[in-house]
Every structure is written in C-alpha cells, then in structure tokens.
$ cat run.pdb   # PDB, C-alpha atoms and all ligand atoms
ATOM      1  CA  MET R  11     -32.032  -1.996  14.494
ATOM      2  CA  SER R  12     -31.439   1.221  12.637
ATOM      3  CA  ALA R  13     -31.740   1.262   8.883
ATOM      4  CA  ALA R  14     -28.592   1.809   6.799
ATOM      5  CA  GLY R  15     -27.787   5.510   6.537
ATOM      6  CA  SER R  16     -29.478   6.598   9.733
ATOM      7  CA  LEU R  17     -26.163   6.877  11.599
ATOM      8  CA  VAL R  18     -25.113   9.582   9.174
ATOM      9  CA  ASP R  19     -28.390  11.421   9.818
ATOM     10  CA  ALA R  20     -27.930  11.099  13.581
ATOM     11  CA  VAL R  21     -24.431  12.585  13.396
ATOM     12  CA  ARG R  22     -25.587  15.307  11.036
ATOM     13  CA  SER R  23     -28.384  16.466  13.283
ATOM     14  CA  ALA R  24     -26.251  16.323  16.451
ATOM     15  CA  VAL R  25     -23.281  18.218  15.017
ATOM     16  CA  GLY R  26     -25.169  20.556  12.706
ATOM     17  CA  GLU R  27     -25.782  20.151   8.989
ATOM     18  CA  GLY R  28     -23.392  22.933   7.996
ATOM     19  CA  SER R  29     -20.280  21.623   9.729
ATOM     20  CA  VAL R  30     -20.465  17.994   8.580
ATOM     21  CA  SER R  31     -19.084  16.801   5.287
ATOM     22  CA  VAL R  32     -20.059  13.403   3.956
ATOM     23  CA  VAL R  33     -17.538  11.576   1.758
ATOM     24  CA  PRO R  34     -18.959   8.585  -0.084
ATOM     25  CA  GLY R  35     -16.586   5.671  -0.533
ATOM     26  CA  PHE R  36     -16.511   2.098  -1.723
ATOM     27  CA  GLY R  37     -17.330   0.815   1.743
ATOM     28  CA  PRO R  38     -19.003   2.753   4.496
ATOM     29  CA  VAL R  39     -19.648   6.455   4.163
ATOM     30  CA  SER R  40     -17.094   8.769   5.809
ATOM     31  CA  VAL R  41     -18.382  11.699   7.813
ATOM     32  CA  GLU R  42     -15.943  14.448   8.687
ATOM     33  CA  VAL R  43     -16.812  16.599  11.676
ATOM     34  CA  PRO R  44     -14.974  19.521  13.337
ATOM     35  CA  ALA R  45     -12.554  18.402  16.062
ATOM     36  CA  ALA R  46     -14.617  20.288  18.659
ATOM     37  CA  SER R  47     -17.618  18.092  17.774
ATOM     38  CA  TRP R  48     -15.747  14.759  17.859
ATOM     39  CA  THR R  49     -17.306  13.347  21.015
ATOM     40  CA  THR R  50     -20.723  14.817  20.138
ATOM     41  CA  ALA R  51     -20.589  12.910  16.860
ATOM     42  CA  LEU R  52     -19.468   9.662  18.513
ATOM     43  CA  GLN R  53     -22.159   9.954  21.176
ATOM     44  CA  ALA R  54     -24.847  10.625  18.553
ATOM     45  CA  ALA R  55     -23.819   7.548  16.573
ATOM     46  CA  ARG R  56     -23.758   5.439  19.697
ATOM     47  CA  ASP R  57     -27.187   6.692  20.750
ATOM     48  CA  ALA R  58     -28.460   5.807  17.268
ATOM     49  CA  GLY R  59     -27.500   2.178  17.817
ATOM     50  CA  ALA R  60     -23.827   1.996  16.780
ATOM     51  CA  THR R  61     -22.574   0.520  20.036
ATOM     52  CA  TYR R  62     -19.556  -1.195  18.494
ATOM     53  CA  ALA R  63     -16.290   0.571  17.594
ATOM     54  CA  ASP R  64     -13.660  -1.676  16.084
ATOM     55  CA  PHE R  65     -10.837   0.660  15.217
ATOM     56  CA  LEU R  66      -9.460   4.157  15.491
ATOM     57  CA  THR R  67      -6.381   5.350  13.677
ATOM     58  CA  ALA R  68      -5.000   8.379  11.832
ATOM     59  CA  TRP R  69      -3.118   9.455   8.752
ATOM     60  CA  ASP R  70      -0.880  12.370   7.954
ATOM     61  CA  GLU R  71      -2.061  14.909   5.371
ATOM     62  CA  LEU R  72       0.948  17.205   5.877
ATOM     63  CA  GLU R  73      -0.184  20.871   5.756
ATOM     64  CA  ALA R  74      -3.822  19.772   6.047
ATOM     65  CA  GLY R  75      -3.120  18.219   9.436
ATOM     66  CA  LEU R  76      -3.682  14.768  10.840
ATOM     67  CA  VAL R  77      -6.933  12.987  10.131
ATOM     68  CA  VAL R  78      -8.241  10.775  12.924
ATOM     69  CA  VAL R  79     -10.781   8.157  11.881
ATOM     70  CA  ALA R  80     -12.936   5.698  13.812
ATOM     71  CA  HIS R  81     -15.057   2.904  12.391
ATOM     72  CA  ILE R  82     -18.266   2.395  14.291
ATOM     73  CA  SER R  83     -21.043  -0.007  13.632
ATOM     74  CA  THR R  84     -24.266  -1.471  14.901
ATOM     75  CA  PRO R  85     -23.567  -4.843  16.531
ATOM     76  CA  ASP R  86     -25.276  -6.663  13.650
ATOM     77  CA  ALA R  87     -23.208  -4.616  11.130
ATOM     78  CA  ALA R  88     -26.411  -3.500   9.381
ATOM     79  CA  ASP R  89     -25.240   0.119   9.517
ATOM     80  CA  HIS R  90     -21.728   1.486   9.920
ATOM     81  CA  VAL R  91     -19.865   4.724   9.391
ATOM     82  CA  LEU R  92     -16.320   6.061   9.363
ATOM     83  CA  LEU R  93     -16.272   9.156  11.538
ATOM     84  CA  ARG R  94     -13.272  11.378  11.045
ATOM     85  CA  THR R  95     -11.888  14.709  12.088
ATOM     86  CA  ARG R  96      -8.766  16.773  11.584
ATOM     87  CA  VAL R  97      -6.245  18.134  14.089
ATOM     88  CA  PRO R  98      -3.284  20.415  13.355
ATOM     89  CA  SER R  99       0.077  18.624  12.988
ATOM     90  CA  ASP R 100       1.932  20.997  15.301
ATOM     91  CA  ASP R 101      -0.517  20.581  18.191
ATOM     92  CA  PRO R 102      -2.576  17.448  17.638
ATOM     93  CA  VAL R 103      -4.998  17.220  20.538
ATOM     94  CA  LEU R 104      -8.413  15.600  20.452
ATOM     95  CA  ALA R 105     -10.941  14.772  23.157
ATOM     96  CA  THR R 106     -10.793  11.105  24.080
ATOM     97  CA  SER R 107     -13.475   8.706  22.915
ATOM     98  CA  ILE R 108     -13.004   6.224  25.751
ATOM     99  CA  GLY R 109     -15.916   7.625  27.757
ATOM    100  CA  ILE R 110     -18.156   6.544  24.877
ATOM    101  CA  TYR R 111     -16.324   3.505  23.509
ATOM    102  CA  ARG R 112     -14.071   1.969  26.164
ATOM    103  CA  GLY R 113     -12.619  -0.403  23.611
ATOM    104  CA  LEU R 114     -10.927   2.441  21.758
ATOM    105  CA  ALA R 115      -8.410   2.944  24.574
ATOM    106  CA  TRP R 116      -5.933   0.562  22.936
ATOM    107  CA  HIS R 117      -6.333   2.341  19.594
ATOM    108  CA  GLU R 118      -5.807   5.772  21.123
ATOM    109  CA  ARG R 119      -2.559   4.559  22.676
ATOM    110  CA  GLU R 120      -1.454   3.213  19.326
ATOM    111  CA  THR R 121      -2.456   6.410  17.483
ATOM    112  CA  HIS R 122      -0.478   8.400  20.033
ATOM    113  CA  ASP R 123       2.560   6.166  19.522
ATOM    114  CA  LEU R 124       2.470   6.263  15.745
ATOM    115  CA  PHE R 125       1.228   9.780  15.004
ATOM    116  CA  GLY R 126       1.659  11.751  18.230
ATOM    117  CA  VAL R 127      -2.035  12.600  18.604
ATOM    118  CA  ARG R 128      -2.813  13.327  22.256
ATOM    119  CA  PHE R 129      -6.245  12.378  23.540
ATOM    120  CA  SER R 130      -7.274  14.697  26.338
ATOM    121  CA  GLY R 131      -9.061  12.892  29.127
ATOM    122  CA  HIS R 132      -7.066   9.725  28.420
ATOM    123  CA  GLU R 133      -4.039  10.058  30.638
ATOM    124  CA  PRO R 134      -1.567   8.625  30.855
ATOM    125  CA  LEU R 135      -1.424   7.439  27.228
ATOM    126  CA  GLU R 136       0.731   4.420  27.963
ATOM    127  CA  PRO R 137       3.111   3.523  25.127
ATOM    128  CA  LEU R 138       1.913   0.448  23.272
ATOM    129  CA  LEU R 139       4.143  -0.160  20.240
ATOM    130  CA  VAL R 140       6.836   2.499  20.224
ATOM    131  CA  ALA R 141       9.395   3.029  22.961
ATOM    132  CA  PRO R 142       9.215   6.686  24.054
ATOM    133  CA  SER R 143      13.023   6.776  23.946
ATOM    134  CA  LEU R 144      12.748   6.611  20.142
ATOM    135  CA  GLY R 145      11.636  10.220  20.362
ATOM    136  CA  LEU R 146       9.495  10.230  17.219
ATOM    137  CA  HIS R 147       6.143   9.129  15.875
ATOM    138  CA  PRO R 148       7.094   6.818  13.010
ATOM    139  CA  LEU R 149       4.024   7.160  10.788
ATOM    140  CA  ARG R 150       4.315  10.935  10.493
ATOM    141  CA  LYS R 151       5.455  11.775   6.978
ATOM    142  CA  ASP R 152       8.311  13.927   8.212
ATOM    143  CA  VAL R 153       9.867  10.753   9.598
ATOM    144  CA  VAL R 154      11.869   9.364   6.703
ATOM    145  CA  LEU R 155      11.644   5.593   6.294
ATOM    146  CA  ALA R 156      15.284   4.535   6.157
ATOM    147  CA  SER R 157      14.723   1.730   3.664
ATOM    148  CA  ARG R 158      13.192   4.215   1.203
ATOM    149  CA  ALA R 159      15.925   6.810   1.576
ATOM    150  CA  ALA R 160      18.897   4.459   1.611
ATOM    151  CA  ARG R 161      17.993   1.859  -1.017
ATOM    152  CA  PRO R 162      17.969   2.650  -4.707
ATOM    153  CA  TRP R 163      14.484   2.369  -6.224
ATOM    154  CA  PRO R 164      14.359  -0.705  -8.498
ATOM    155  CA  GLY R 165      12.022   1.116 -10.889
ATOM    156  CA  GLU R 166      14.479   3.893 -11.607
ATOM    157  CA  LYS R 167      16.076   2.166 -14.561
ATOM    158  CA  GLU R 168      14.713   2.876 -18.007
ATOM    159  CA  PRO R 169      13.506  -0.152 -19.992
ATOM    160  CA  GLY R 170      16.510  -1.920 -21.452
ATOM    161  CA  ALA R 171      19.015   0.261 -19.625
ATOM    162  CA  GLU R 172      21.713  -1.516 -17.695
ATOM    163  CA  SER R 173      21.823   1.048 -14.929
ATOM    164  CA  ALA R 174      19.819   3.944 -13.616
ATOM    165  CA  PRO R 175      20.019   7.117 -15.692
ATOM    166  CA  ALA R 176      22.444   9.739 -14.454
ATOM    167  CA  ARG R 177      20.707  12.111 -12.135
ATOM    168  CA  ARG R 178      20.829  15.476 -13.780
ATOM    169  CA  GLY R 179      19.081  18.623 -12.740
ATOM    170  CA  GLY R 180      16.183  19.772 -14.845
ATOM    171  CA  ARG R 181      15.085  16.476 -16.305
ATOM    172  CA  ARG R 182      12.063  15.075 -14.499
ATOM    173  CA  ARG R 183      12.687  11.426 -13.728
ATOM    174  CA  THR R 184      10.131   8.810 -12.924
ATOM    175  CA  ALA R 185       9.569   8.952  -9.191
ATOM    176  CA  PRO R 186       8.503   6.118  -6.912
ATOM    177  CA  LEU R 187       4.801   6.184  -6.081
ATOM    178  CA  GLY R 188       3.746   7.035  -2.568
ATOM    179  CA  VAL R 189       7.158   8.220  -1.405
ATOM    180  CA  PRO R 190       6.900  11.822  -0.178
ATOM    181  CA  ASP R 191       9.012  14.448  -1.946
ATOM    182  CA  GLY R 192      12.303  14.977  -0.215
ATOM    183  CA  TRP R 193      12.669  11.434   1.111
ATOM    184  CA  VAL R 194      14.857  10.189  -1.688
ATOM    185  CA  GLN R 195      18.214  11.911  -1.609
ATOM    186  CA  GLU R 196      19.241  13.564  -4.859
ATOM    187  CA  ASP R 197      22.876  13.112  -5.805
ATOM    188  CA  ALA R 198      24.752  16.308  -6.436
TER
ATOM    189  CA  MET F  16     -11.011 -26.490  -7.381
ATOM    190  CA  SER F  17      -8.062 -27.300  -5.186
ATOM    191  CA  THR F  18      -4.510 -28.420  -5.693
ATOM    192  CA  SER F  19      -3.366 -31.850  -4.528
ATOM    193  CA  ASP F  20      -2.399 -30.370  -1.146
ATOM    194  CA  GLY F  21      -5.785 -28.791  -0.706
ATOM    195  CA  VAL F  22      -5.389 -25.073  -1.424
ATOM    196  CA  PRO F  23      -7.740 -23.359  -3.884
ATOM    197  CA  VAL F  24      -6.148 -23.198  -7.352
ATOM    198  CA  ARG F  25      -6.500 -19.407  -7.469
ATOM    199  CA  SER F  26      -4.528 -18.929  -4.242
ATOM    200  CA  ARG F  27      -1.816 -16.290  -4.236
ATOM    201  CA  GLY F  28       0.984 -18.716  -3.534
ATOM    202  CA  VAL F  29       3.885 -17.582  -5.671
ATOM    203  CA  ILE F  30       4.359 -15.462  -8.783
ATOM    204  CA  SER F  31       5.347 -17.203 -11.988
ATOM    205  CA  LEU F  32       7.193 -15.482 -14.798
ATOM    206  CA  VAL F  33       6.539 -16.243 -18.453
ATOM    207  CA  GLU F  34       9.883 -15.030 -19.715
ATOM    208  CA  LYS F  35       9.011 -14.959 -23.391
ATOM    209  CA  ASN F  36       6.219 -12.444 -22.692
ATOM    210  CA  CYS F  37       8.373 -10.004 -20.714
ATOM    211  CA  THR F  38       9.477  -6.944 -22.674
ATOM    212  CA  VAL F  39      11.553  -5.478 -19.797
ATOM    213  CA  CYS F  40       9.140  -2.531 -19.714
ATOM    214  CA  MET F  41       9.808  -1.972 -15.962
ATOM    215  CA  LEU F  42       6.156  -1.309 -15.141
ATOM    216  CA  CYS F  43       5.911  -4.043 -12.525
ATOM    217  CA  ALA F  44       9.121  -2.912 -10.788
ATOM    218  CA  ARG F  45       7.833   0.669 -10.730
ATOM    219  CA  GLU F  46       4.401  -0.161  -9.381
ATOM    220  CA  CYS F  47       5.474  -2.682  -6.744
ATOM    221  CA  PRO F  48       4.710  -0.905  -3.468
ATOM    222  CA  ASP F  49       7.565  -2.426  -1.529
ATOM    223  CA  TRP F  50      10.284  -2.384  -4.149
ATOM    224  CA  CYS F  51      10.877  -6.105  -4.251
ATOM    225  CA  ILE F  52      11.075  -6.712  -8.022
ATOM    226  CA  HIS F  53      14.573  -6.420  -9.467
ATOM    227  CA  ILE F  54      14.983  -6.236 -13.225
ATOM    228  CA  GLU F  55      18.051  -5.756 -15.339
ATOM    229  CA  GLY F  56      18.168  -5.675 -19.094
ATOM    230  CA  HIS F  57      19.975  -4.323 -22.090
ATOM    231  CA  THR F  58      19.036  -3.207 -25.560
ATOM    232  CA  VAL F  59      20.117  -4.848 -28.790
ATOM    233  CA  THR F  60      19.732  -3.189 -32.164
ATOM    234  CA  HIS F  61      18.714  -5.241 -35.193
ATOM    235  CA  PRO F  62      19.841  -3.759 -38.510
ATOM    236  CA  ALA F  63      17.333  -2.996 -41.231
ATOM    237  CA  ASP F  64      16.470  -5.835 -43.597
ATOM    238  CA  GLU F  65      13.931  -6.505 -46.359
ATOM    239  CA  VAL F  66      11.045  -6.838 -43.909
ATOM    240  CA  HIS F  67      12.041  -4.122 -41.455
ATOM    241  CA  ARG F  68      13.101  -1.065 -43.319
ATOM    242  CA  ARG F  69      14.511   0.673 -40.273
ATOM    243  CA  PRO F  70      16.830  -0.647 -37.584
ATOM    244  CA  ARG F  71      14.885  -1.949 -34.599
ATOM    245  CA  THR F  72      15.815  -2.042 -30.941
ATOM    246  CA  GLU F  73      14.753  -4.808 -28.610
ATOM    247  CA  ASN F  74      15.023  -5.046 -24.823
ATOM    248  CA  VAL F  75      16.643  -8.218 -23.555
ATOM    249  CA  LEU F  76      16.070  -9.458 -20.025
ATOM    250  CA  ASP F  77      19.216 -10.140 -18.018
ATOM    251  CA  ARG F  78      17.833 -10.475 -14.528
ATOM    252  CA  PHE F  79      14.347 -10.797 -13.089
ATOM    253  CA  ALA F  80      14.022 -11.500  -9.375
ATOM    254  CA  ILE F  81      11.283 -11.173  -6.793
ATOM    255  CA  ASP F  82      12.184 -10.950  -3.120
ATOM    256  CA  PHE F  83       9.403 -12.901  -1.394
ATOM    257  CA  SER F  84      10.714 -11.854   2.006
ATOM    258  CA  LEU F  85       9.313  -8.402   1.204
ATOM    259  CA  CYS F  86       6.457  -9.238  -1.201
ATOM    260  CA  LEU F  87       3.056  -8.534   0.277
ATOM    261  CA  TYR F  88       1.187 -10.624  -2.297
ATOM    262  CA  CYS F  89      -0.876  -7.638  -3.402
ATOM    263  CA  GLY F  90      -0.917  -8.756  -7.037
ATOM    264  CA  ILE F  91      -0.289  -5.258  -8.401
ATOM    265  CA  CYS F  92       2.608  -6.480 -10.565
ATOM    266  CA  ILE F  93       0.404  -9.159 -12.090
ATOM    267  CA  GLU F  94      -2.416  -6.691 -12.740
ATOM    268  CA  VAL F  95      -0.137  -4.046 -14.211
ATOM    269  CA  CYS F  96       1.910  -6.223 -16.579
ATOM    270  CA  PRO F  97       0.680  -5.284 -20.060
ATOM    271  CA  PHE F  98       2.048  -8.492 -21.574
ATOM    272  CA  ASP F  99       0.672 -11.166 -19.228
ATOM    273  CA  ALA F 100       4.167 -12.179 -18.211
ATOM    274  CA  LEU F 101       3.271 -12.618 -14.522
ATOM    275  CA  HIS F 102       0.709 -15.058 -13.123
ATOM    276  CA  TRP F 103      -0.291 -16.379  -9.725
ATOM    277  CA  SER F 104       0.544 -19.966  -8.946
ATOM    278  CA  PRO F 105      -0.956 -21.669  -5.879
ATOM    279  CA  GLU F 106       2.414 -23.275  -4.981
ATOM    280  CA  HIS F 107       3.407 -22.122  -1.522
ATOM    281  CA  SER F 108       6.110 -24.421  -0.183
ATOM    282  CA  TYR F 109       9.256 -22.443  -0.769
ATOM    283  CA  ALA F 110      10.445 -21.496   2.677
ATOM    284  CA  GLY F 111      14.218 -21.176   2.977
ATOM    285  CA  ALA F 112      16.771 -21.522   5.732
ATOM    286  CA  ALA F 113      18.140 -18.026   5.132
ATOM    287  CA  ILE F 114      16.316 -14.876   4.158
ATOM    288  CA  GLY F 115      18.279 -14.564   0.927
ATOM    289  CA  GLU F 116      16.738 -17.800  -0.320
ATOM    290  CA  LEU F 117      13.408 -16.019  -0.541
ATOM    291  CA  THR F 118      14.733 -13.954  -3.442
ATOM    292  CA  GLN F 119      13.817 -16.052  -6.453
ATOM    293  CA  GLU F 120      15.677 -15.441  -9.680
ATOM    294  CA  ARG F 121      14.190 -15.781 -13.152
ATOM    295  CA  ASP F 122      14.781 -19.502 -13.614
ATOM    296  CA  ARG F 123      12.998 -20.284 -10.390
ATOM    297  CA  LEU F 124      10.156 -17.884 -11.191
ATOM    298  CA  ALA F 125       9.848 -19.373 -14.664
ATOM    299  CA  GLY F 126       9.697 -22.829 -13.124
ATOM    300  CA  TRP F 127       6.363 -22.008 -11.508
ATOM    301  CA  GLU F 128       4.734 -21.402 -14.879
ATOM    302  CA  ALA F 129       3.593 -24.998 -15.237
ATOM    303  CA  THR F 130       1.722 -24.735 -11.922
ATOM    304  CA  ALA F 131      -0.194 -21.531 -12.721
ATOM    305  CA  PRO F 132      -3.835 -22.211 -13.612
ATOM    306  CA  ALA F 133      -5.057 -21.011 -16.999
ATOM    307  CA  PRO F 134      -6.747 -17.608 -16.850
ATOM    308  CA  ALA F 135     -10.488 -17.632 -16.237
ATOM    309  CA  ASP F 136     -12.639 -17.201 -19.331
ATOM    310  CA  ARG F 137     -13.566 -13.530 -19.206
ATOM    311  CA  ASP F 138     -16.589 -14.055 -21.459
ATOM    312  CA  ALA F 139     -18.088 -16.754 -19.281
TER
HETATM  313  S1  LIG H 201       2.616  -9.045  -5.422
HETATM  314 FE1  LIG H 201       2.785  -6.843  -4.870
HETATM  315  S2  LIG H 201       4.483  -6.770  -3.404
HETATM  316 FE2  LIG H 201       4.637  -8.758  -4.446
HETATM  317  S3  LIG H 201       6.051  -8.406  -6.151
HETATM  318 FE3  LIG H 201       3.970  -8.057  -6.939
HETATM  319  S4  LIG H 201       3.617  -5.837  -6.718
HETATM  320 FE4  LIG H 201       5.388  -6.374  -5.417
HETATM  321  S1  LIG H 202       5.413  -5.467 -16.361
HETATM  322 FE1  LIG H 202       5.489  -7.473 -17.386
HETATM  323  S2  LIG H 202       6.555  -7.106 -19.332
HETATM  324 FE2  LIG H 202       6.949  -5.312 -18.013
HETATM  325  S3  LIG H 202       8.894  -5.819 -16.997
HETATM  326 FE3  LIG H 202       7.262  -6.528 -15.626
HETATM  327  S4  LIG H 202       6.932  -8.708 -16.188
HETATM  328 FE4  LIG H 202       8.114  -7.748 -17.840
END
$ encode --input "run.pdb" --output "structure tokens"
Amino acid sequence: MSAAGSLVDAVRSAVGEGSVSVVPGFGPVSVEVPAASWTTALQAARDAGATYADFLTAWDELEAGLVVVAHISTPDAADHVLLRTRVPSDDPVLATSIGIYRGLAWHERETHDLFGVRFSGHEPLEPLLVAPSLGLHPLRKDVVLASRAARPWPGEKEPGAESAPARRGGRRRTAPLGVPDGWVQEDA
Amino acid sequence: MSTSDGVPVRSRGVISLVEKNCTVCMLCARECPDWCIHIEGHTVTHPADEVHRRPRTENVLDRFAIDFSLCLYCGICIEVCPFDALHWSPEHSYAGAAIGELTQERDRLAGWEATAPAPADRDA
C-alpha cells in the first residue's frame, strides 16, 4: 500500500506542480486543483491506490465561488487526501466523478440539491433531499436562514442589561458569529 | 469510570450551572452556535464604603436557560466560560412530553451540579 503523502505527489505530478496548491490541516492534507483538472486529479489518486471515496460536498465562499471537496482514501486508510476545487457561483459546473468513484453519485445529487453545483456527465441529477419546487439551494449563503433572521440573537444583550441595546447607526454592536452580513435585519 | 446506569462519567449528558460562579458576562450566550442559551440580568450599584472607596456595580442573574431541543452538545459554552460556571454532567434522562420541557431554567440546571464529576487534575 502506498506510503502516507504519496497521494499528494501523484495528484501533483498528474495535474502539474504549478497549478496545485497544498493546504495542510489538522487531519488530512487538502489539495486544491483547477476545476478543469478535477477528474485528472481524482483518477491520479485512484491510480495511486486511493480506491475509496467516502464523501463529496461543497461550501460557499461567496465572491470566491463554491468549493467542492472530496475525501478519498486507500482502503486501509493508511493514506488519505481531501481533493478540492472551485467553481464560480453564477455557473457552478464540474465534471462528474462517478466514472471514477461510482459511490459519489449520491453525494453529487446531494451537493446539487444543497448548493446547486451541476455535475456534467451525471444526468439526470435526481433530487435527493430538497424538493425542486422549493426553487433554491438552501446551503448557499444568499439563502437566508429564517431562524437567524427572525429570532433575536440571545447574545445581543450587554452584561447586566435587561434588554438589548437600542440599535443606533454608527455604533458597532457585537454581531453573532458565523451569520453572514445582511442576514440580520437592522431596525430603522 | 461509569455512572450507576453505565455511561462514562465524562459523558456529555446535560449542562450544569454553578450559579454562584456566573457573572452574567454573556460570553456563553454569544458563542453558542445555535443560540440556545438565554440569559437575563440586571445591574445593582453598591455605594462606596470603608473598604471600597468607589461605588461598585455588580451584575445579577435573573434568568439562565438552555434549550436542549436545540443544543448540539458541542461544549463551547463550557469551554468559553471564564468563571467555570458551566460543567458537563453525565445525566441524560430528561426527555419531556412537549418540546418546551427541554428548555431548562436555572433551578433545573443548578440541580445537575451535584452530578457533575470533579474536573480532571490538569497537573496529573
Ligand atoms: S453545548 Fe454548544 S449548543 Fe449546547 S448550549 Fe453549549 S454552546 Fe450551545
Ligand atoms: S460564560 Fe459563564 S459566567 Fe459568563 S454568562 Fe455564561 S455561565 Fe455566566
């Protein structure tokens, strides 16, 4: 079985040193490749022994596009890598991975439901979690989570204050972590 | 080590509140990722005396509640509390017949204190 780290080398040599960026993390290393090289990178990792893919998903980086990530591993988990790539938010299309990892079909359907990424070569992308009649992809950050917009934030009160401070222009108030700007309605 | 019903003593069962440690600083309510800690308080001012030469203000806790129907047991509130007012207890049998019963007010949260294991010895 391949030694730890060799998957990264396999992807690097298949895609080209210059277009790969390696992001170290607490767990497996992340390797970002150009969207045009997505299937090349997956195939290279598979050929290097990573025959097991256990998830594929995405996240929204707003202006920087949508990041699609797949976790792939050798069957004995001795070596694994997070391969990722970026597609533009206004036209998120990526070549499908199901010719290389059949098991990612379910995850591509889910990623299409939640983020609107289309996987070319995987048609039809049958809805899995979200009814198409909803007409939106709920994990995109431009979709406001109703419970964040409608409920007052419990952390808004100052220590010892009986109610939230009056919302006045100019003064920067403590803002809830992780809630995108513009979600919480400002009172006039 | 396990409790009498067999769960490890360091299980994340329920959160206990040590009321006398809480300064109503709001940090836990601000850091909670799903907004399920509700705190209300008010400030009292103590006049100056021989020991304290200036008037002092003190925050008094009026309400402290955790909604366990939303809590994801991440432990961030416990980690972030600067005054060790929140602790895990392994108690886990507190299902209710209605969702509102999963919001535990301060007396109920304080009641778990006796079941929270002592902190591990950090020097060990
Ligand atoms: S454990 Fe996490 S979710 Fe639950 S009350 Fe604490 S911070 Fe909130
Ligand atoms: S962080 Fe601790 S001291 Fe501050 S309000 Fe929460 S429980 Fe009280």
$ residues_near_ligand --input "run.pdb" --ligand "ligand LIG 201 (chain H)" --cutoff "6 Å" --atoms "only C-alpha atoms and all ligand atoms" --output "list in words"
Cys47, Pro48, Asp49, Cys51, Ile52, Ile81, Cys86, Leu87, Tyr88, Cys89, Gly90, Ile91 and Cys92 of chain F
$ write_last_selection --input "run.pdb" --atoms "C-alpha atoms" --output "mmCIF file, in the frame of the given file"
data_model
loop_
_atom_site.group_PDB
_atom_site.id
_atom_site.type_symbol
_atom_site.label_atom_id
_atom_site.label_comp_id
_atom_site.auth_asym_id
_atom_site.auth_seq_id
_atom_site.Cartn_x
_atom_site.Cartn_y
_atom_site.Cartn_z
ATOM 1 C CA CYS F 47 5.474 -2.682 -6.744
ATOM 2 C CA PRO F 48 4.710 -0.905 -3.468
ATOM 3 C CA ASP F 49 7.565 -2.426 -1.529
ATOM 4 C CA CYS F 51 10.877 -6.105 -4.251
ATOM 5 C CA ILE F 52 11.075 -6.712 -8.022
ATOM 6 C CA ILE F 81 11.283 -11.173 -6.793
ATOM 7 C CA CYS F 86 6.457 -9.238 -1.201
ATOM 8 C CA LEU F 87 3.056 -8.534 0.277
ATOM 9 C CA TYR F 88 1.187 -10.624 -2.297
ATOM 10 C CA CYS F 89 -0.876 -7.638 -3.402
ATOM 11 C CA GLY F 90 -0.917 -8.756 -7.037
ATOM 12 C CA ILE F 91 -0.289 -5.258 -8.401
ATOM 13 C CA CYS F 92 2.608 -6.480 -10.565
#
$ interface_residues --input "run.pdb" --of "chain R" --to "chain F" --cutoff "12 Å" --atoms "all atoms listed in the file" --output "ChimeraX atom specification"
/R:155,157-158,161-174,184-189
$ axis_aligned_box --input "run.pdb" --around "ligand LIG 202 (chain H)" --padding-each-side "6 Å" --output "lines of an AutoDock Vina configuration file"
center_x = 7.2
center_y = -7.0
center_z = -17.5
size_x = 15.5
size_y = 15.4
size_z = 15.7
$ atom_distance --input "run.pdb" --atom1 "CA of Thr118 in chain F" --atom2 "CA of Ala135 in chain F"
28.5 Å
$ atom_distance --input "run.pdb" --atom1 "CA of Ala159 in chain R" --atom2 "CA of Pro190 in chain R"
10.5 Å
$ resolve_selection --input "run.pdb" --expression "the PyMOL selection byres (((chain F and resi 123) around 10) and not hetatm)" --output "ChimeraX atom specification"
/F:31-32,79-81,118-122,124-128
$ write_last_selection --input "run.pdb" --atoms "C-alpha atoms" --output "PDB file, in the frame of the given file"
ATOM      1  CA  SER F  31       5.347 -17.203 -11.988  1.00  0.00           C
ATOM      2  CA  LEU F  32       7.193 -15.482 -14.798  1.00  0.00           C
ATOM      3  CA  PHE F  79      14.347 -10.797 -13.089  1.00  0.00           C
ATOM      4  CA  ALA F  80      14.022 -11.500  -9.375  1.00  0.00           C
ATOM      5  CA  ILE F  81      11.283 -11.173  -6.793  1.00  0.00           C
ATOM      6  CA  THR F 118      14.733 -13.954  -3.442  1.00  0.00           C
ATOM      7  CA  GLN F 119      13.817 -16.052  -6.453  1.00  0.00           C
ATOM      8  CA  GLU F 120      15.677 -15.441  -9.680  1.00  0.00           C
ATOM      9  CA  ARG F 121      14.190 -15.781 -13.152  1.00  0.00           C
ATOM     10  CA  ASP F 122      14.781 -19.502 -13.614  1.00  0.00           C
ATOM     11  CA  LEU F 124      10.156 -17.884 -11.191  1.00  0.00           C
ATOM     12  CA  ALA F 125       9.848 -19.373 -14.664  1.00  0.00           C
ATOM     13  CA  GLY F 126       9.697 -22.829 -13.124  1.00  0.00           C
ATOM     14  CA  TRP F 127       6.363 -22.008 -11.508  1.00  0.00           C
ATOM     15  CA  GLU F 128       4.734 -21.402 -14.879  1.00  0.00           C
TER      16      GLU F 128
END
